[in-house]
Amino acid sequence: MIITLTANPSLDRTVTLTAPLVPGGVHRIAEDATQAGGKGVNVSRALHEAGEDTLALLPARAEDPLVGLLEASGLPHRTVPVAGPVRTNLTVVSPPGVTTKINEPGHALTEAEAEMLAAALHRAARPGDLVMLSGSLAPGLPADWYARRIQELHEAEVPVGVDTSDAPLAALAAAWREDRCAAPDLLTPNAEELGQLTGADGAAIEAAAEQGELTPVAEAARALHAQGVGAVLVTLGAAGAVLASAEGTWHCAAVPGEVLSTVGAGDSAAAGYLLARVRGREEPQRLACAVAYGTAAVALPGTTIPRPDQVAVREDLVRAL
């Protein structure tokens with residue numbers, strides 16, 4: 001089973017405007033949709049759609065609208081009761097395909113709620129499962145909360161993937177540089193997050209990759225692997241993705257296409273990698289599946305996660321670096 005933990009879930013509201021977004025202007029909404037969101041929820045949704053065994057674990061009250069949406073979708077999930085409501089994240093999509101995100105911080109968890117969430121994760125995970133820790137941390141959780149969970153799960157012989165940014169990512173890197181037991185088995189940064197980890201300019205790394213210069217991102221990914229991270233999957237938007245692991249380093253190009261929304265693309269890419277992994281594919285095939293899922297996601301509106309029939313895996317686009 002692949003268990004996802006979303007420490008700061010959200011109701012994802014996406015509004016599509018009839019004209020470009022102009023600060024200070026008046027706008028009209030053409031479409032408006034609300035979906036159960038959070039990075040781990042998105043990963044589990046993609047895996048569930050593909051027929052794989054998954055469980056989405058998250059903090060939420062039983063009466064929260066998010067839980068109702070999860071129940072209606074049929075996604076296997078387990079909630080830890082908390083006092084506060086789930087946050088709402090607003091995505092504004094305006095012509096010509098520009099995405100603007102406005103995210104709430106989320107309700108603060110008490111120490112007792114944080115302990116219940118950690119305990120629920122360890123009850124759910126068994127040797128042979130894989131846990132994906134996804135997204136920001138809810139207010140009230142210490143920055144090293146993910147690092148602690150990784151160490152505990154590794155002691156229980158459970159591999160762990162992580163997709164996060166900012167303070168939790170910095171705390172995780174500090175932990176694994178001190179103790180490799182805190183290094184995740186999979187890390188899925190985008191270019192900006194890769195910059196946070198390495199001190200490089202993430203925007204420059206992605207711009208270089210779009211021009212075909214992949215040396216900076218490949219070297220950065222290899223450096224993280226050398227520090228103890230099992231596999232480093234760097235998503236690069238229109239430039240595809242780079243994967244570094246013990247087996248080697250590869251790049252997979254993305255097939256150009258219409259971009260409706262970039263929200264959830266990174267989550268879809270992570271799900272594609274995990275899907276190929278659980279099915280026993282080799283690393284280059286996992287990379288191709290990750291890029292295919294990310295590419296399919298940006299062609300869909302809002303936080304829509306692609307179904308398998310919407311994904312075209314192109315292993316011929318993978319090359320060794």
# chains A, B, ... in the order shown; residues from 1 in each chain; ligands from 1
>>> residues_around(residues="stretch 31-34 of chain A", least_positions_apart="5", cutoff="7 Å", atoms="only C-alpha atoms", output="PyMOL selection string")
chain A and resi 11-16
>>> select_by_dssp(residues="stretch 151-318 of chain A", states="strand (DSSP E or B)", output="VMD selection string")
chain A and resid 160 to 163 186 to 187 190 231 to 235 241 to 245 248 to 252 318
>>> write_last_selection(atoms="all heavy atoms", output="short mmCIF file (atom, residue, chain, number, x, y, z; two decimals), in the first residue's frame")
data_model
loop_
_atom_site.label_atom_id
_atom_site.label_comp_id
_atom_site.auth_asym_id
_atom_site.auth_seq_id
_atom_site.Cartn_x
_atom_site.Cartn_y
_atom_site.Cartn_z
N VAL A 160 10.08 5.99 2.71
CA VAL A 160 9.35 7.25 2.79
C VAL A 160 9.74 8.18 1.65
O VAL A 160 10.93 8.34 1.36
CB VAL A 160 9.62 7.97 4.13
CG1 VAL A 160 8.69 9.19 4.29
CG2 VAL A 160 9.48 7.03 5.30
N GLY A 161 8.74 8.79 1.02
CA GLY A 161 8.96 9.86 0.07
C GLY A 161 8.48 11.17 0.66
O GLY A 161 7.62 11.19 1.54
N VAL A 162 9.06 12.28 0.19
CA VAL A 162 8.69 13.61 0.72
C VAL A 162 8.55 14.60 -0.42
O VAL A 162 9.38 14.62 -1.35
CB VAL A 162 9.75 14.14 1.72
CG1 VAL A 162 9.35 15.53 2.21
CG2 VAL A 162 9.90 13.20 2.89
N ASP A 163 7.51 15.41 -0.33
CA ASP A 163 7.31 16.54 -1.24
C ASP A 163 6.90 17.74 -0.40
O ASP A 163 5.75 17.84 0.02
CB ASP A 163 6.24 16.21 -2.28
CG ASP A 163 6.01 17.35 -3.27
OD1 ASP A 163 6.75 18.36 -3.19
OD2 ASP A 163 5.12 17.23 -4.12
N LEU A 186 12.66 8.93 -1.40
CA LEU A 186 12.28 9.67 -2.60
C LEU A 186 12.06 11.12 -2.21
O LEU A 186 11.39 11.40 -1.22
CB LEU A 186 11.00 9.10 -3.21
CG LEU A 186 10.35 9.92 -4.34
CD1 LEU A 186 11.26 9.94 -5.57
CD2 LEU A 186 8.98 9.36 -4.71
N LEU A 187 12.61 12.02 -3.00
CA LEU A 187 12.40 13.45 -2.82
C LEU A 187 11.98 14.02 -4.17
O LEU A 187 12.61 13.73 -5.19
CB LEU A 187 13.69 14.12 -2.34
CG LEU A 187 13.60 15.58 -1.88
CD1 LEU A 187 12.76 15.69 -0.60
CD2 LEU A 187 14.99 16.16 -1.65
N ASN A 190 10.62 20.72 -7.03
CA ASN A 190 10.64 21.44 -8.29
C ASN A 190 11.93 22.26 -8.33
O ASN A 190 12.76 22.18 -7.41
CB ASN A 190 9.39 22.32 -8.45
CG ASN A 190 9.21 23.32 -7.33
OD1 ASN A 190 10.17 23.76 -6.69
ND2 ASN A 190 7.97 23.70 -7.07
N ALA A 231 16.24 8.54 -4.13
CA ALA A 231 15.99 8.98 -5.51
C ALA A 231 15.52 10.42 -5.47
O ALA A 231 14.70 10.79 -4.61
CB ALA A 231 14.95 8.10 -6.19
N VAL A 232 16.04 11.24 -6.38
CA VAL A 232 15.69 12.66 -6.45
C VAL A 232 15.02 12.91 -7.79
O VAL A 232 15.65 12.79 -8.84
CB VAL A 232 16.94 13.55 -6.30
CG1 VAL A 232 16.53 15.02 -6.33
CG2 VAL A 232 17.70 13.22 -5.02
N LEU A 233 13.73 13.23 -7.74
CA LEU A 233 12.96 13.51 -8.94
C LEU A 233 12.69 15.00 -9.00
O LEU A 233 11.91 15.54 -8.21
CB LEU A 233 11.63 12.74 -8.92
CG LEU A 233 10.63 13.05 -10.03
CD1 LEU A 233 11.18 12.60 -11.39
CD2 LEU A 233 9.28 12.38 -9.74
N VAL A 234 13.37 15.70 -9.91
CA VAL A 234 13.23 17.15 -10.02
C VAL A 234 12.30 17.48 -11.18
O VAL A 234 12.61 17.19 -12.34
CB VAL A 234 14.60 17.83 -10.26
CG1 VAL A 234 14.43 19.35 -10.26
CG2 VAL A 234 15.61 17.40 -9.21
N THR A 235 11.15 18.08 -10.88
CA THR A 235 10.22 18.47 -11.93
C THR A 235 10.59 19.85 -12.44
O THR A 235 10.89 20.75 -11.66
CB THR A 235 8.78 18.45 -11.41
OG1 THR A 235 8.67 19.25 -10.24
CG2 THR A 235 8.35 17.03 -11.07
N ALA A 241 11.55 16.52 -16.58
CA ALA A 241 12.04 16.20 -15.24
C ALA A 241 13.38 15.49 -15.34
O ALA A 241 13.71 14.88 -16.36
CB ALA A 241 11.03 15.34 -14.48
N VAL A 242 14.13 15.54 -14.25
CA VAL A 242 15.41 14.84 -14.12
C VAL A 242 15.32 13.93 -12.90
O VAL A 242 14.77 14.33 -11.86
CB VAL A 242 16.59 15.82 -13.99
CG1 VAL A 242 17.84 15.13 -13.46
CG2 VAL A 242 16.88 16.48 -15.33
N LEU A 243 15.85 12.74 -13.02
CA LEU A 243 15.86 11.76 -11.94
C LEU A 243 17.28 11.30 -11.68
O LEU A 243 18.00 10.93 -12.62
CB LEU A 243 14.98 10.56 -12.29
CG LEU A 243 14.99 9.38 -11.31
CD1 LEU A 243 14.36 9.79 -9.98
CD2 LEU A 243 14.25 8.18 -11.90
N ALA A 244 17.69 11.34 -10.41
CA ALA A 244 19.01 10.83 -10.01
C ALA A 244 18.83 9.80 -8.90
O ALA A 244 18.10 10.05 -7.93
CB ALA A 244 19.91 11.97 -9.54
N SER A 245 19.48 8.66 -9.04
CA SER A 245 19.42 7.61 -8.02
C SER A 245 20.70 6.79 -8.10
O SER A 245 21.62 7.12 -8.85
CB SER A 245 18.19 6.72 -8.25
OG SER A 245 18.37 5.89 -9.38
N GLY A 248 21.64 5.72 -11.69
CA GLY A 248 22.10 6.67 -12.71
C GLY A 248 21.30 7.95 -12.67
O GLY A 248 20.54 8.22 -11.73
N THR A 249 21.46 8.75 -13.73
CA THR A 249 20.76 10.03 -13.86
C THR A 249 20.16 10.12 -15.25
O THR A 249 20.84 9.81 -16.24
CB THR A 249 21.71 11.21 -13.63
OG1 THR A 249 22.40 11.04 -12.39
CG2 THR A 249 20.95 12.53 -13.60
N TRP A 250 18.90 10.56 -15.34
CA TRP A 250 18.20 10.62 -16.63
C TRP A 250 17.38 11.91 -16.71
O TRP A 250 17.00 12.49 -15.70
CB TRP A 250 17.23 9.44 -16.78
CG TRP A 250 17.87 8.10 -16.68
CD1 TRP A 250 18.36 7.31 -17.69
CD2 TRP A 250 18.08 7.34 -15.48
NE1 TRP A 250 18.86 6.14 -17.20
CE2 TRP A 250 18.71 6.13 -15.84
CE3 TRP A 250 17.81 7.57 -14.13
CZ2 TRP A 250 19.05 5.15 -14.92
CZ3 TRP A 250 18.16 6.61 -13.19
CH2 TRP A 250 18.77 5.42 -13.59
N HIS A 251 17.10 12.27 -17.95
CA HIS A 251 16.17 13.36 -18.23
C HIS A 251 15.06 12.82 -19.12
O HIS A 251 15.30 11.99 -20.01
CB HIS A 251 16.87 14.51 -18.95
CG HIS A 251 15.90 15.55 -19.47
ND1 HIS A 251 15.62 15.72 -20.82
CD2 HIS A 251 15.13 16.46 -18.81
CE1 HIS A 251 14.74 16.69 -20.96
NE2 HIS A 251 14.43 17.16 -19.77
N CYS A 252 13.83 13.27 -18.85
CA CYS A 252 12.71 12.95 -19.72
C CYS A 252 12.06 14.26 -20.15
O CYS A 252 11.68 15.08 -19.31
CB CYS A 252 11.68 12.07 -19.02
SG CYS A 252 10.29 11.60 -20.09
N VAL A 318 13.16 9.49 -22.72
CA VAL A 318 14.11 9.42 -21.62
C VAL A 318 15.52 9.19 -22.18
O VAL A 318 15.73 8.34 -23.03
CB VAL A 318 13.75 8.26 -20.65
CG1 VAL A 318 14.78 8.17 -19.53
CG2 VAL A 318 12.36 8.47 -20.07
#
>>> atom_distance(atom1="atom CA of A:Glu247", atom2="atom CA of A:Leu197")
22.0 Å
>>> residues_around(residues="stretch 132-138 of chain A", least_positions_apart="3", cutoff="8 Å", atoms="only C-alpha atoms", output="list in words")
Ile2, Ile3, Thr4, Leu5, Thr6, Ala7, Asn8, Gly38, Lys39, Gly40, Pro105, Gly106, His107, Ala108, Leu109, Leu141, Ala143, Tyr146, Val160, Gly161, Val162, Asp163, Thr164, Ser165 and Pro168 of chain A
>>> closest_residue(among="A:Ala183, A:Ala218, A:Ala112, A:Ala204", to="A:Leu321", atoms="only C-alpha atoms")
A:Ala218
>>> closest_residue(among="A:Leu69, A:Leu57, A:Val217, A:Ala62", to="A:Ala124", atoms="only C-alpha atoms")
A:Leu57
>>> residues_around(residues="A:Leu66", least_positions_apart="3", cutoff="8 Å", atoms="only C-alpha atoms", output="list in words")
Ser10, Leu11, Gln35, Ala36, Gly37, Ala60, Leu69, Leu70 and Val86 of chain A
>>> write_last_selection(atoms="C-alpha atoms", output="short mmCIF file (atom, residue, chain, number, x, y, z; two decimals), in the first residue's frame")
data_model
loop_
_atom_site.label_atom_id
_atom_site.label_comp_id
_atom_site.auth_asym_id
_atom_site.auth_seq_id
_atom_site.Cartn_x
_atom_site.Cartn_y
_atom_site.Cartn_z
CA SER A 10 -7.32 22.01 1.84
CA LEU A 11 -10.51 22.64 0.00
CA GLN A 35 -12.39 19.82 -4.87
CA ALA A 36 -10.86 17.95 -1.94
CA GLY A 37 -7.22 18.92 -2.03
CA ALA A 60 -9.99 16.94 9.65
CA LEU A 69 -16.01 15.39 -0.81
CA LEU A 70 -13.59 12.54 -0.07
CA VAL A 86 -9.71 22.68 6.88
#
>>> closest_residue(among="A:Glu115, A:Asp129, A:Arg28, A:Asp201", to="A:Arg277", atoms="only C-alpha atoms")
A:Asp129
>>> residues_around(residues="A:Ala46", least_positions_apart="6", cutoff="8 Å", atoms="only C-alpha atoms", output="list in words")
Ser268, Ala271, Gly272, Ile305, Pro306 and Arg307 of chain A
>>> write_last_selection(atoms="all heavy atoms", output="PDB file, in the first residue's frame")
ATOM      1  N   SER A 268       0.835  14.957  -9.385  1.00  0.00           N
ATOM      2  CA  SER A 268       0.591  13.929 -10.397  1.00  0.00           C
ATOM      3  C   SER A 268       1.892  13.260 -10.826  1.00  0.00           C
ATOM      4  O   SER A 268       1.945  12.046 -11.030  1.00  0.00           O
ATOM      5  CB  SER A 268      -0.121  14.544 -11.607  1.00  0.00           C
ATOM      6  OG  SER A 268      -1.394  15.033 -11.246  1.00  0.00           O
ATOM      7  N   ALA A 271       2.904  10.885  -8.195  1.00  0.00           N
ATOM      8  CA  ALA A 271       2.059   9.690  -8.275  1.00  0.00           C
ATOM      9  C   ALA A 271       2.486   8.791  -9.422  1.00  0.00           C
ATOM     10  O   ALA A 271       2.495   7.562  -9.292  1.00  0.00           O
ATOM     11  CB  ALA A 271       0.595  10.103  -8.445  1.00  0.00           C
ATOM     12  N   GLY A 272       2.845   9.396 -10.567  1.00  0.00           N
ATOM     13  CA  GLY A 272       3.303   8.599 -11.693  1.00  0.00           C
ATOM     14  C   GLY A 272       4.546   7.810 -11.354  1.00  0.00           C
ATOM     15  O   GLY A 272       4.675   6.624 -11.703  1.00  0.00           O
ATOM     16  N   ILE A 305      -6.959  15.572 -11.295  1.00  0.00           N
ATOM     17  CA  ILE A 305      -5.866  14.603 -11.367  1.00  0.00           C
ATOM     18  C   ILE A 305      -6.166  13.628 -12.502  1.00  0.00           C
ATOM     19  O   ILE A 305      -7.285  13.119 -12.616  1.00  0.00           O
ATOM     20  CB  ILE A 305      -5.730  13.848 -10.031  1.00  0.00           C
ATOM     21  CG1 ILE A 305      -5.497  14.846  -8.895  1.00  0.00           C
ATOM     22  CG2 ILE A 305      -4.584  12.850 -10.098  1.00  0.00           C
ATOM     23  CD1 ILE A 305      -4.275  15.732  -9.051  1.00  0.00           C
ATOM     24  N   PRO A 306      -5.198  13.369 -13.380  1.00  0.00           N
ATOM     25  CA  PRO A 306      -5.487  12.556 -14.559  1.00  0.00           C
ATOM     26  C   PRO A 306      -5.799  11.095 -14.258  1.00  0.00           C
ATOM     27  O   PRO A 306      -5.257  10.507 -13.328  1.00  0.00           O
ATOM     28  CB  PRO A 306      -4.193  12.670 -15.388  1.00  0.00           C
ATOM     29  CG  PRO A 306      -3.140  13.039 -14.409  1.00  0.00           C
ATOM     30  CD  PRO A 306      -3.809  13.875 -13.366  1.00  0.00           C
ATOM     31  N   ARG A 307      -6.704  10.553 -15.064  1.00  0.00           N
ATOM     32  CA  ARG A 307      -6.973   9.121 -15.053  1.00  0.00           C
ATOM     33  C   ARG A 307      -5.939   8.423 -15.941  1.00  0.00           C
ATOM     34  O   ARG A 307      -5.321   9.055 -16.814  1.00  0.00           O
ATOM     35  CB  ARG A 307      -8.371   8.833 -15.584  1.00  0.00           C
ATOM     36  CG  ARG A 307      -9.496   9.535 -14.859  1.00  0.00           C
ATOM     37  CD  ARG A 307     -10.842   9.058 -15.430  1.00  0.00           C
ATOM     38  NE  ARG A 307     -10.871   9.150 -16.885  1.00  0.00           N
ATOM     39  CZ  ARG A 307     -11.293  10.208 -17.572  1.00  0.00           C
ATOM     40  NH1 ARG A 307     -11.720  11.284 -16.918  1.00  0.00           N
ATOM     41  NH2 ARG A 307     -11.289  10.210 -18.883  1.00  0.00           N
TER      42      ARG A 307
END
>>> closest_residue(among="A:Val311, A:Val98, A:Ala226, A:Ala125", to="A:Arg180", atoms="only C-alpha atoms")
A:Ala226
>>> select_by_dssp(residues="stretch 165-238 of chain A", states="alpha helix (DSSP H)", output="ChimeraX atom specification")
/A:166-178,191-198,202-210,215-226
>>> residues_around(residues="A:Gly51", least_positions_apart="6", cutoff="10 Å", atoms="only C-alpha atoms", output="list of chain:residue names")
A:Arg45, A:Leu275, A:Pro308
>>> residues_around(residues="A:Gly294", least_positions_apart="2", cutoff="12 Å", atoms="only C-alpha atoms", output="PyMOL selection string")
chain A and resi 42-43+46+190+234-241+252-257+259+261-273+287-292+296-300+303-308+310-313
